[in-house]
Amino acid sequence: MTVYRYEKQDFAPFNKAIRQEWTMTNGIGGYAGRSLIDSQNRTHQGYLIASLHPPIERYLVFSHVTEQFQTRKNTISLETAQFRKNGQIIDAQGQQYLQEMKYDGTVFYRYATDSFVLEKQIALKRGENTCAVSYHIKNLLPDEQTMILTPYFNFREHNTNSVPEDFSFRETVASHTLTLTPKLFPAHTIVFRFSSGSLLKRENTVRDHFSLQTEVELETEGLDSHYCPYDLSLLLAPFEEKELSLLCSVVSSDNCDSFESLPSDAAWHICHDIQHYYETCIDRAGYHDSLADKLVLAADHFLAYRKSTGYTTVLAGLPWFTDWGRDTMIAYTGLSLCTHRFDDAKEILLTFARYLKNGIVPNMFPDDNASPLYNTADASLWYFYAVERYLHYVNSDEAFSFVKQEIYPCLKEILSAYENGTDFEIYMDTDGLIHAGSGLDQITWMDVRVGDWVATPRHGKPVEINALWYNALRVTEFLAKQFGEDASHYQELSELVKTSFCKKFWNEKSGCLYDVVDVSETRSDPLGICDDKIRPNQIYAVSLPYTMLSPDQEQSVTGVVKEVLYVGCGLRSLAPDDPEYHGIYCGALPKRDAAYHQGTAWGFLLGGFLTAYRKVHHHDEESKKRALAMLEPVISHLHHTGCIGSISEIFDGDAPHTPRGCYAQAWSVGEVLRAYVEDIL
């Protein structure tokens, strides 16, 4: 079993411990997360963020539970939080009693004093918007004491915050069940169930002024409030041990009337089922390798059921991204193939084939259930890579038959659209290379635009788009031959692309590739015919299955990228000696947007780099040792920074390369797992 363990020395200092996070998911878009010491440090945190229309419409409904123990002489509170009152930060430091924290896909806390021991385990039920909290409590005193639990509720979109005036619920209490129906969302009801104890009405039903450290650092107010109408009181006899289960669910208001009594071990069984589920995931992958097993566990967080298609999809990042085409295709191999989830892999390909439009697969499915967006030149080309990897891993007659019937026509449609021209000024030029973008379009992964300001304009012929174009042509050539069709057109076109690419993209002065050639004249800051900024996109001209450069050129490109851009957990998006380089990603959104692709390091790029590095060193033993050494920062990151057991979206380009952005990113995890499996294991 893959377990991350933390002890008392890891819970201090307070300001460091609240920044490390954990997360878990339920397979339908819902998730949970808090800090290492069970405090809230960002808006997107709680014990249950439910997905009301899988995998979107995500609402915080169950924030957390706090505990305190009361005797005739003393009260000990385990609450851990930051509050801001009268301009001052006040810390509730219940973590001083925390002895142990474990993460294995569930979260386990153990608190201990001279008077009690409390063990608390949290899990999300698979396929449901249900959170389970299991308690084991020991009274160490020869006297009675009372445990008071305070559950905190909400009903807000996960990317907003609450103020006291927001809370308006219709409440019912029956037996061991509390129901809360938000008056603004009457179709949904929060159902809170407990196995024993008594509900006591609170005088103060709202706790406000929670100060969220991550939001404050993003230069927002960073305050939140939660609704706590009742305490749950549990009497402990002298030296008594007790089990207690809490379940919090979101259900249709039509289905919230009848619930059976809750056994004291009901929550424990849900936690146990989740642990078994992850053991099954790891066993199915079959690596029995510490790092691979950890990444297999992390990979599961991003795979979710999409109600609109009935298929599995990939959530690009936690806590806020939904399914993005580009991210999905890049993360695809690691998340679904390296984990041996071949049925999920098949469904993901079908999901995006279903939404093909004008030769473009969707760039993203919005969180408001609106129509997909198609502003991407690379997602469709990465789709060819995903199909090639699917056939490579599954390698069966059934897989080839599936691709021939369901996917191959889409691939040909994509190539035809790119060759003849489609949306967003995507077209093949007379040299065989792909041009993409004009005006304010942002259609590569470097896609920040604020109003009329395009932070990283790349209109023209971007290097990775054309590396992917060549790869797509060669994949289709292979498939045409497999399926008994004439492949000559794809073969001839790929030769033209190779000739033009090697002629136009090679930067002799820098010993690497231009980032964009034939730069559009419409750019606001034209750089002439070539953009010679050193960026990481060129690594894909080395790492893809089909490539065009000579061995010497591939080695030179990889060497430049390692020397200039590699920073441990990722690659910088721009060379640090560039005048436009930004080494820190922090502050208000405009500051972050200026840095996002101008020096910030990206975790997913590490996968392509490791593949290229091993390739140019002929997969020898020395390069394997060096590649493993280059993964040491990732292993440390999994344990000690960001989100426990996952890989962040981005990192500062400057040391100490602090993790930023999404605390768990699909393509970061997927690409590191893929490269580790394919190029090292």
# chains A, B, ... in the order shown; residues from 1 in each chain; ligands from 1
$ residues_around --residues "region 535-542 of chain A" --least-positions-apart "3" --cutoff "8 Å" --atoms "only C-alpha atoms" --output "VMD selection string"
chain A and resid 463 to 464 467 to 468 512 to 515 547 to 549 554 557 to 558 561 565 571 to 575 605 608 to 609 612
$ select_by_dssp --residues "region 491-661 of chain A" --states "alpha helix (DSSP H)" --output "ChimeraX atom specification"
/A:491-505,540-543,551-564,589-595,605-616,621-630,632-640
$ closest_atom_pairs --of "region 310-357 of chain A" --to "region 147-163 of chain A" --cutoff "12 Å" --atoms "only C-alpha atoms" --output "Markdown table"
| residue | atom | partner | partner_atom | distance |
| --- | --- | --- | --- | --- |
| A:Leu318 | CA | A:His158 | CA | 11.3 |
| A:Pro319 | CA | A:His158 | CA | 8.6 |
| A:Trp320 | CA | A:Asn159 | CA | 7.4 |
| A:Phe321 | CA | A:Asn159 | CA | 10.7 |
$ closest_atom_pairs --of "region 276-393 of chain A" --to "region 55-79 of chain A" --cutoff "12 Å" --atoms "only C-alpha atoms" --output "tab-separated table"
residue	atom	partner	partner_atom	distance
A:Phe302	CA	A:Pro55	CA	10.5
A:Leu303	CA	A:Pro55	CA	9.8
A:Ala304	CA	A:Pro55	CA	6.6
A:Tyr305	CA	A:Pro55	CA	6.4
A:Arg306	CA	A:Pro55	CA	5.5
A:Lys307	CA	A:Pro55	CA	7.2
A:Ser308	CA	A:Pro55	CA	9.2
A:Thr309	CA	A:Pro55	CA	10.9
A:Gly310	CA	A:Pro55	CA	10.9
A:Tyr311	CA	A:Pro55	CA	10.9
A:Thr312	CA	A:Pro55	CA	9.8
A:Thr313	CA	A:Pro55	CA	8.7
A:Val314	CA	A:Pro55	CA	9.5
A:Leu315	CA	A:Pro55	CA	8.2
A:Ala316	CA	A:Pro55	CA	11.5
A:Leu318	CA	A:Arg58	CA	11.8
A:Pro319	CA	A:Arg58	CA	10.0
A:Trp320	CA	A:Arg58	CA	9.2
A:Phe321	CA	A:Ile56	CA	9.6
A:Thr322	CA	A:Ile56	CA	7.1
A:Asp323	CA	A:Pro55	CA	8.7
A:Phe365	CA	A:Ile56	CA	9.2
A:Pro366	CA	A:Ile56	CA	8.3
A:Asp367	CA	A:Ile56	CA	5.3
A:Asp368	CA	A:Glu57	CA	6.6
A:Asn369	CA	A:Ile56	CA	7.2
A:Ala370	CA	A:Ile56	CA	10.7
$ residues_around --residues "region 639-654 of chain A" --least-positions-apart "6" --cutoff "8 Å" --atoms "only C-alpha atoms" --output "number ranges by chain"
A: 4, 19-23, 103, 294-295, 297-298, 317, 567, 569-570, 572, 576, 582-585, 599-604, 660-665, 668-669
$ atom_distance --atom1 "CA of Leu212 (chain A)" --atom2 "CA of Ser249 (chain A)"
24.8 Å
$ select_by_dssp --residues "region 313-437 of chain A" --states "strand (DSSP E)" --output "count of residues only"
8
$ closest_residue --among "A:Asp343, A:Asp452, A:Glu7, A:Glu492" --to "Val394 (chain A)" --atoms "only C-alpha atoms"
A:Asp343
$ decode --residues "region 320-341 of chain A" --atoms "N, CA, C and O atoms" --output "short mmCIF file (atom, residue, chain, number, x, y, z; two decimals), in the first residue's frame"
data_model
loop_
_atom_site.label_atom_id
_atom_site.label_comp_id
_atom_site.auth_asym_id
_atom_site.auth_seq_id
_atom_site.Cartn_x
_atom_site.Cartn_y
_atom_site.Cartn_z
N TRP A 320 -9.37 23.54 -9.98
CA TRP A 320 -10.36 24.31 -10.74
C TRP A 320 -10.56 23.90 -12.19
O TRP A 320 -11.58 24.21 -12.79
N PHE A 321 -9.65 23.21 -12.84
CA PHE A 321 -9.82 22.91 -14.26
C PHE A 321 -10.80 21.77 -14.50
O PHE A 321 -10.89 20.83 -13.71
N THR A 322 -11.51 21.86 -15.64
CA THR A 322 -12.32 20.74 -16.09
C THR A 322 -11.54 20.01 -17.18
O THR A 322 -10.32 19.97 -17.15
N ASP A 323 -12.23 19.41 -18.16
CA ASP A 323 -11.52 18.63 -19.18
C ASP A 323 -11.13 19.50 -20.37
O ASP A 323 -11.97 20.13 -21.01
N TRP A 324 -9.84 19.50 -20.65
CA TRP A 324 -9.25 20.25 -21.74
C TRP A 324 -8.67 19.25 -22.75
O TRP A 324 -7.98 18.30 -22.37
N GLY A 325 -8.89 19.52 -24.04
CA GLY A 325 -8.41 18.61 -25.07
C GLY A 325 -6.91 18.45 -25.09
O GLY A 325 -6.38 17.34 -25.12
N ARG A 326 -6.21 19.54 -25.10
CA ARG A 326 -4.74 19.51 -25.15
C ARG A 326 -4.17 18.76 -23.94
O ARG A 326 -3.35 17.86 -24.08
N ASP A 327 -4.62 19.17 -22.76
CA ASP A 327 -4.12 18.54 -21.54
C ASP A 327 -4.43 17.05 -21.51
O ASP A 327 -3.62 16.22 -21.09
N THR A 328 -5.65 16.71 -21.98
CA THR A 328 -6.06 15.31 -21.98
C THR A 328 -5.14 14.47 -22.86
O THR A 328 -4.69 13.39 -22.45
N MET A 329 -4.86 14.94 -24.06
CA MET A 329 -4.07 14.15 -24.99
C MET A 329 -2.62 14.00 -24.52
O MET A 329 -1.98 12.98 -24.74
N ILE A 330 -2.09 15.04 -23.87
CA ILE A 330 -0.73 14.96 -23.36
C ILE A 330 -0.66 14.06 -22.13
O ILE A 330 0.26 13.25 -21.98
N ALA A 331 -1.67 14.15 -21.26
CA ALA A 331 -1.69 13.34 -20.04
C ALA A 331 -2.13 11.91 -20.30
O ALA A 331 -1.89 11.02 -19.47
N TYR A 332 -2.77 11.68 -21.43
CA TYR A 332 -3.48 10.43 -21.75
C TYR A 332 -2.65 9.16 -21.53
O TYR A 332 -3.09 8.23 -20.86
N THR A 333 -1.44 9.13 -22.06
CA THR A 333 -0.64 7.92 -21.98
C THR A 333 -0.34 7.55 -20.53
O THR A 333 -0.51 6.40 -20.12
N GLY A 334 0.10 8.53 -19.76
CA GLY A 334 0.43 8.24 -18.37
C GLY A 334 -0.78 7.87 -17.54
O GLY A 334 -0.75 6.89 -16.78
N LEU A 335 -1.88 8.61 -17.70
CA LEU A 335 -3.03 8.41 -16.83
C LEU A 335 -3.81 7.14 -17.14
O LEU A 335 -4.31 6.48 -16.22
N SER A 336 -3.92 6.79 -18.41
CA SER A 336 -4.80 5.67 -18.76
C SER A 336 -4.07 4.45 -19.30
O SER A 336 -4.54 3.32 -19.10
N LEU A 337 -2.95 4.63 -19.97
CA LEU A 337 -2.25 3.49 -20.57
C LEU A 337 -1.18 2.93 -19.63
O LEU A 337 -1.10 1.72 -19.44
N CYS A 338 -0.38 3.80 -19.05
CA CYS A 338 0.64 3.32 -18.11
C CYS A 338 -0.01 2.72 -16.86
O CYS A 338 0.62 1.92 -16.15
N THR A 339 -1.24 3.08 -16.58
CA THR A 339 -1.97 2.53 -15.44
C THR A 339 -2.79 1.30 -15.84
O THR A 339 -3.49 0.74 -14.99
N HIS A 340 -2.73 0.92 -17.11
CA HIS A 340 -3.45 -0.24 -17.64
C HIS A 340 -4.96 -0.10 -17.50
O HIS A 340 -5.67 -1.08 -17.30
N ARG A 341 -5.44 1.12 -17.66
CA ARG A 341 -6.88 1.38 -17.63
C ARG A 341 -7.36 1.52 -19.08
O ARG A 341 -7.72 2.59 -19.54
#
